[in-house]
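Below you'll find the structure, written out as structure tokens, and then a few comments.
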Amino acid sequence: MTIRSNLKANQTSRMNVLTPDQCQELVYAAEEAMWRTGTNFHDKESLEIMKRAGCWVEGTRVRIPADITERALKTCQKHIVLCNSRTGARELFVEGYNSYFGSGPCTPFTINPFTGERHRATRQSVAWATKVLDALPNIDYAMSLGIVQDVPLLISDRHEFEQQVLNTDKPIITVCVDKWGQEDCIKMAEIVAGGEEELRKNPFICLYAEPISPGVHCKEAAQKLVMGAKKGLPTIYTPCIMAGGTAPATLAGVMVQGLCESLSGLVLSQCTREGAPFIMGGVYTILDMTTTIFSYGAPELSLMLAALADVAHYLGIPMFGTCGCTDSCIIDEQAGIEAAISIAMTNMSGANLNHDIGYAEQGTTSNLDLVVICDEILGMARRLTNGIRVDEDSLALDVIERVGPGGNFKGEFDDYLDFDDEEDAMYDAYGNFKPKLISRAAREIWEKAGGKTLREAANEKVRDIINYHEPEPLPKDVVAKIRHIVENAVGHMPGEDD
Amino acid sequence: MATLEDLSKCVISGNVAKAKKLTQELIDAGVAPLDIINQGLIAGMNVVGVRFKNGEMFVPEVMVAAKAMSQGIEMVKPLIAETDMPSEGKVLLGTVKGDLHDIGKNLVGIMLESRGFTVIDIGIDRSPEDFIKAIKEHQPDIMGMSALLTTTMLHMKDTIELMKEEGLGHVKAIVGGAPISQDFADEVGADGYAPDAASAVDLCKSLLGK
């Protein structure tokens, strides 16, 4: 046996866009912008909280002294775990270099997987989407993939959450329309978890809010952040910014502005309740200068978010990333390219909780075929980051010797056969990727099997899951109590006073 | 001597300084002010519009071309009566109540201005009453509403209904934003919907019969 000393090895592949020095420059620049320029908060309670904490408040403009920002970075909870809604099992450790993946929320439109029709998302489309997310092995959590619109719109979030929690036991990131919606969804989650304390101990939901760039925290977002902090539930705060549209055209400038908005949200959360779990989000991209759209497929999106992952690691706070999405209006070659590049890059960057799998048409329309394709891409991307094990055993000198020049490696098959392989396992005895949808068949065999494109195979799988997959059910009394909350939900018109 | 075609080319290439210089030369040479505008400055911008639509030019180029055009127009303006000034029409824009998102609205405004429309932007979080007041004050040909949220888009209907009640039904109402569709526009009684900023210009032109 060889004894090795002081060996440095990569257990996984890794990638960095920025050095720690560059991360520090971005963070200092964000702190400067938070003080010199400040951001606007359109919520009375938030303004009071920030003023009391020592921020400089003039009207709605809040300038945050760097010491308060730095304190908030120290006090926020960094070890965040999301749990299984049925068992409370602690499943996603949203921290360090752990990367988890899931869908995106709130698309106005979706594609019916049976008819191909594009329509507004409904209770049923969210139920179907959640079922698909539940069944896929590489999908770690669920976002809704649609705003439920066949119900009164002001309470659509309650219907959305109900469909989600009925159809998956995976953690759920819930996006509510306002504080009242969030209050109701938390109540429903507490019923599922078995009480307020249980939910806080083993949270299976994560809350979500976003500022309006540049530099505006609307009332709904600020109130949801404050509530998340008071409840001690993990809350994501995600600026969705575009270079040249709602942020400077330089990518570093976008990073500074995004950080300025995120960290201002962090300060509000920590000033509300020190220690509140906070996840720094980001959809940083470009304004496409030909179509004026917010691009979900641009390489700059993946580049900036990988850079943001570097900053998150530098700060030691959890991050919410973006990938698996496309600008393409259909699931075609472009969709595959954009989804694959963004997933591979995000996974390599080590961003923690990554959303928007299944977004097509510049993020306006969800597509379940794309979700299934992304699940396959994730299998490949995770193989890429699993790296190459280099040790005495894997160097395989004995095998090379045994086989010798001109021999064959047939004996190696034994190890494959010995491997206790589950039928749907993603990786084989050597940790290599086993395709499910990706075809490596010879032409005649592929033709005999129907000559299907990847999208066709994905669509079959979607239908199969919807028809036959049965998510872990909730107890009947729990279902009834949740229904009661949905039925009694009261909507509030945006812009109305509290 | 500079020709009107040279001026058009300056607008197309976005050469602001040269566009101003050539405009001055044409004025000095006694070319009719309206010809300078219609056959020089606006003619150039029309080419820009076509090229943008074909994906041959992008937004920053359109904006700098529009700047070249408008600076030229500013120089010619004192020479002609205000009523003779060519305008594609007046459009009033705003984001609906409860919604603070405005990038989409701003892009529509930029594109409309670059194509010769007069744009009045009343900002974000505007109630139906705010829209009515502004319409009465500015007398636009078209009123455009923007919303990013499925919750705030509900205010569009209220505004259009209030317009009719107030006898402002002759002003065309258009709507836009990520959750808006043609079906929704029909449902709330809007006169038009466009899926992006560039097509909003075409929509406004067709609504005004241009």
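The chains in the structure tokens are called A, B, ... from first to last as shown; in each chain the residues are counted from 1, and the ligands are counted from 1 in the order shown.
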### Task
Please identify every residue of chain A that has at least one atom no more than 10 Å from any atom of chain B, counting only C-alpha atoms, and report them as number ranges by chain.
A: 42, 106-109, 120, 147-149, 152-156, 177-178, 211-214, 216-220, 242, 244-246, 287-294, 362-365, 491-497
### Task
Quick one: everything within 9 Å of Val188 (chain B), counting only C-alpha atoms, minus sequence neighbours fewer than 6 positions away in the same chain. Send it as a ChimeraX atom specification.
/B:154,156-158,160-161
### Task
For Glu74 (chain B), list every protein, DNA or RNA residue within 12 Å, evaluated using only C-alpha atoms, and leave out those in the same chain fewer than 6 positions away; present the list as a ChimeraX atom specification.
/B:19-20,23-24,33,36-37,41,67-68,80,82,85
Restricting the output to C-alpha atoms, write the selected residues as a PDB file, in the first residue's frame.
ATOM      1  CA  ALA B  19     -26.659  65.471 -38.348  1.00  0.00           C
ATOM      2  CA  LYS B  20     -26.700  68.842 -36.578  1.00  0.00           C
ATOM      3  CA  THR B  23     -29.229  70.348 -40.742  1.00  0.00           C
ATOM      4  CA  GLN B  24     -27.677  73.781 -40.263  1.00  0.00           C
ATOM      5  CA  PRO B  33     -37.855  73.371 -43.178  1.00  0.00           C
ATOM      6  CA  ILE B  36     -35.587  68.852 -43.918  1.00  0.00           C
ATOM      7  CA  ILE B  37     -37.764  67.134 -41.365  1.00  0.00           C
ATOM      8  CA  LEU B  41     -34.565  63.443 -40.566  1.00  0.00           C
ATOM      9  CA  LYS B  67     -31.213  61.458 -30.819  1.00  0.00           C
ATOM     10  CA  ALA B  68     -29.697  62.583 -34.128  1.00  0.00           C
ATOM     11  CA  ILE B  80     -42.108  76.474 -38.698  1.00  0.00           C
ATOM     12  CA  GLU B  82     -46.228  74.563 -34.267  1.00  0.00           C
ATOM     13  CA  MET B  85     -44.924  70.178 -36.981  1.00  0.00           C
TER      14      MET B  85
END
### Message
Need to verify the contact set: region 66-69 of chain A, 12 Å, only C-alpha atoms, exclusion of same-chain residues closer than 5 positions in sequence. Can you return it as a ChimeraX atom specification?
### Response
/A:27-36,38,50-56,74-76,259-271,274,315
Residues of the last selection are to be written out with N, CA and C atoms, as an mmCIF file, in the first residue's frame.
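The result, stored in out-v2.cif:
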data_model
loop_
_atom_site.group_PDB
_atom_site.id
_atom_site.type_symbol
_atom_site.label_atom_id
_atom_site.label_comp_id
_atom_site.auth_asym_id
_atom_site.auth_seq_id
_atom_site.Cartn_x
_atom_site.Cartn_y
_atom_site.Cartn_z
ATOM 1 N N VAL A 27 -18.337 43.328 -3.004
ATOM 2 C CA VAL A 27 -19.095 43.511 -1.763
ATOM 3 C C VAL A 27 -18.877 44.931 -1.218
ATOM 4 N N TYR A 28 -17.644 45.395 -1.253
ATOM 5 C CA TYR A 28 -17.393 46.768 -0.776
ATOM 6 C C TYR A 28 -18.127 47.783 -1.647
ATOM 7 N N ALA A 29 -18.137 47.529 -2.952
ATOM 8 C CA ALA A 29 -18.842 48.450 -3.859
ATOM 9 C C ALA A 29 -20.338 48.448 -3.545
ATOM 10 N N ALA A 30 -20.882 47.264 -3.250
ATOM 11 C CA ALA A 30 -22.309 47.183 -2.907
ATOM 12 C C ALA A 30 -22.579 47.939 -1.605
ATOM 13 N N GLU A 31 -21.695 47.770 -0.619
ATOM 14 C CA GLU A 31 -21.866 48.496 0.648
ATOM 15 C C GLU A 31 -21.832 50.005 0.412
ATOM 16 N N GLU A 32 -20.960 50.410 -0.508
ATOM 17 C CA GLU A 32 -20.859 51.844 -0.821
ATOM 18 C C GLU A 32 -22.159 52.338 -1.466
ATOM 19 N N ALA A 33 -22.675 51.546 -2.414
ATOM 20 C CA ALA A 33 -23.925 51.945 -3.082
ATOM 21 C C ALA A 33 -25.080 51.970 -2.090
ATOM 22 N N MET A 34 -25.067 51.029 -1.135
ATOM 23 C CA MET A 34 -26.151 50.971 -0.138
ATOM 24 C C MET A 34 -26.146 52.218 0.745
ATOM 25 N N TRP A 35 -24.969 52.789 0.919
ATOM 26 C CA TRP A 35 -24.868 53.997 1.744
ATOM 27 C C TRP A 35 -24.982 55.258 0.900
ATOM 28 N N ARG A 36 -24.221 55.317 -0.181
ATOM 29 C CA ARG A 36 -24.165 56.557 -0.957
ATOM 30 C C ARG A 36 -25.475 56.801 -1.706
ATOM 31 N N GLY A 38 -28.280 54.331 -1.694
ATOM 32 C CA GLY A 38 -29.402 53.789 -0.933
ATOM 33 C C GLY A 38 -30.435 53.119 -1.826
ATOM 34 N N MET A 50 -35.850 49.947 9.925
ATOM 35 C CA MET A 50 -34.515 50.327 9.456
ATOM 36 C C MET A 50 -34.035 51.603 10.160
ATOM 37 N N LYS A 51 -34.976 52.504 10.411
ATOM 38 C CA LYS A 51 -34.616 53.750 11.096
ATOM 39 C C LYS A 51 -34.152 53.451 12.525
ATOM 40 N N ARG A 52 -34.923 52.578 13.179
ATOM 41 C CA ARG A 52 -34.587 52.203 14.554
ATOM 42 C C ARG A 52 -33.204 51.537 14.621
ATOM 43 N N ALA A 53 -32.858 50.831 13.548
ATOM 44 C CA ALA A 53 -31.577 50.109 13.540
ATOM 45 C C ALA A 53 -30.402 51.043 13.270
ATOM 46 N N GLY A 54 -30.707 52.304 12.898
ATOM 47 C CA GLY A 54 -29.616 53.245 12.670
ATOM 48 C C GLY A 54 -29.388 53.583 11.204
ATOM 49 N N CYS A 55 -30.293 53.120 10.335
ATOM 50 C CA CYS A 55 -30.162 53.479 8.924
ATOM 51 C C CYS A 55 -30.640 54.927 8.741
ATOM 52 N N TRP A 56 -30.206 55.524 7.671
ATOM 53 C CA TRP A 56 -30.541 56.921 7.417
ATOM 54 C C TRP A 56 -31.751 56.949 6.492
ATOM 55 N N LYS A 74 -23.013 39.029 9.382
ATOM 56 C CA LYS A 74 -22.547 38.132 10.448
ATOM 57 C C LYS A 74 -23.715 37.411 11.123
ATOM 58 N N THR A 75 -24.814 38.141 11.336
ATOM 59 C CA THR A 75 -25.869 37.561 12.184
ATOM 60 C C THR A 75 -26.802 36.588 11.464
ATOM 61 N N CYS A 76 -26.916 36.687 10.132
ATOM 62 C CA CYS A 76 -27.915 35.836 9.473
ATOM 63 C C CYS A 76 -27.521 34.360 9.594
ATOM 64 N N LEU A 259 -26.249 42.963 -5.731
ATOM 65 C CA LEU A 259 -25.825 42.757 -4.340
ATOM 66 C C LEU A 259 -26.380 43.854 -3.436
ATOM 67 N N CYS A 260 -26.371 45.067 -3.943
ATOM 68 C CA CYS A 260 -26.894 46.202 -3.172
ATOM 69 C C CYS A 260 -28.361 45.943 -2.809
ATOM 70 N N GLU A 261 -29.141 45.454 -3.770
ATOM 71 C CA GLU A 261 -30.564 45.199 -3.510
ATOM 72 C C GLU A 261 -30.746 44.000 -2.568
ATOM 73 N N SER A 262 -30.000 42.921 -2.837
ATOM 74 C CA SER A 262 -30.113 41.724 -1.992
ATOM 75 C C SER A 262 -29.703 42.020 -0.561
ATOM 76 N N LEU A 263 -28.564 42.690 -0.416
ATOM 77 C CA LEU A 263 -28.048 42.929 0.931
ATOM 78 C C LEU A 263 -28.906 43.954 1.679
ATOM 79 N N SER A 264 -29.560 44.859 0.952
ATOM 80 C CA SER A 264 -30.503 45.763 1.628
ATOM 81 C C SER A 264 -31.656 44.945 2.193
ATOM 82 N N GLY A 265 -32.082 43.933 1.440
ATOM 83 C CA GLY A 265 -33.123 43.020 1.940
ATOM 84 C C GLY A 265 -32.624 42.236 3.136
ATOM 85 N N LEU A 266 -31.363 41.820 3.076
ATOM 86 C CA LEU A 266 -30.764 41.092 4.207
ATOM 87 C C LEU A 266 -30.775 41.966 5.461
ATOM 88 N N VAL A 267 -30.420 43.235 5.293
ATOM 89 C CA VAL A 267 -30.391 44.143 6.448
ATOM 90 C C VAL A 267 -31.794 44.261 7.047
ATOM 91 N N LEU A 268 -32.808 44.403 6.174
ATOM 92 C CA LEU A 268 -34.178 44.493 6.699
ATOM 93 C C LEU A 268 -34.517 43.216 7.480
ATOM 94 N N SER A 269 -34.144 42.071 6.927
ATOM 95 C CA SER A 269 -34.487 40.821 7.618
ATOM 96 C C SER A 269 -33.770 40.727 8.968
ATOM 97 N N GLN A 270 -32.499 41.108 9.005
ATOM 98 C CA GLN A 270 -31.743 40.994 10.263
ATOM 99 C C GLN A 270 -32.151 42.056 11.280
ATOM 100 N N CYS A 271 -32.567 43.237 10.777
ATOM 101 C CA CYS A 271 -33.023 44.272 11.706
ATOM 102 C C CYS A 271 -34.404 43.918 12.261
ATOM 103 N N GLU A 274 -32.756 39.380 14.418
ATOM 104 C CA GLU A 274 -31.387 38.930 14.223
ATOM 105 C C GLU A 274 -31.346 37.412 14.122
ATOM 106 N N LEU A 315 -18.903 35.206 1.119
ATOM 107 C CA LEU A 315 -19.623 35.758 2.276
ATOM 108 C C LEU A 315 -20.094 34.659 3.226
#
### Query
Could you work out how far CA of Asn202 (chain A) lies from CA of Arg90 (chain A), giving the answer in Å with one decimal?
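These atoms are spaced 6.9 Å apart.
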### Test item: residues at most 12 Å from Ile341 (chain A), only C-alpha atoms, excluding those fewer than 6 positions along its chain, as a VMD selection string
chain A and resid 296 to 303 306 322 to 326 334 to 335 347 to 348 374 377 to 378 380 to 381
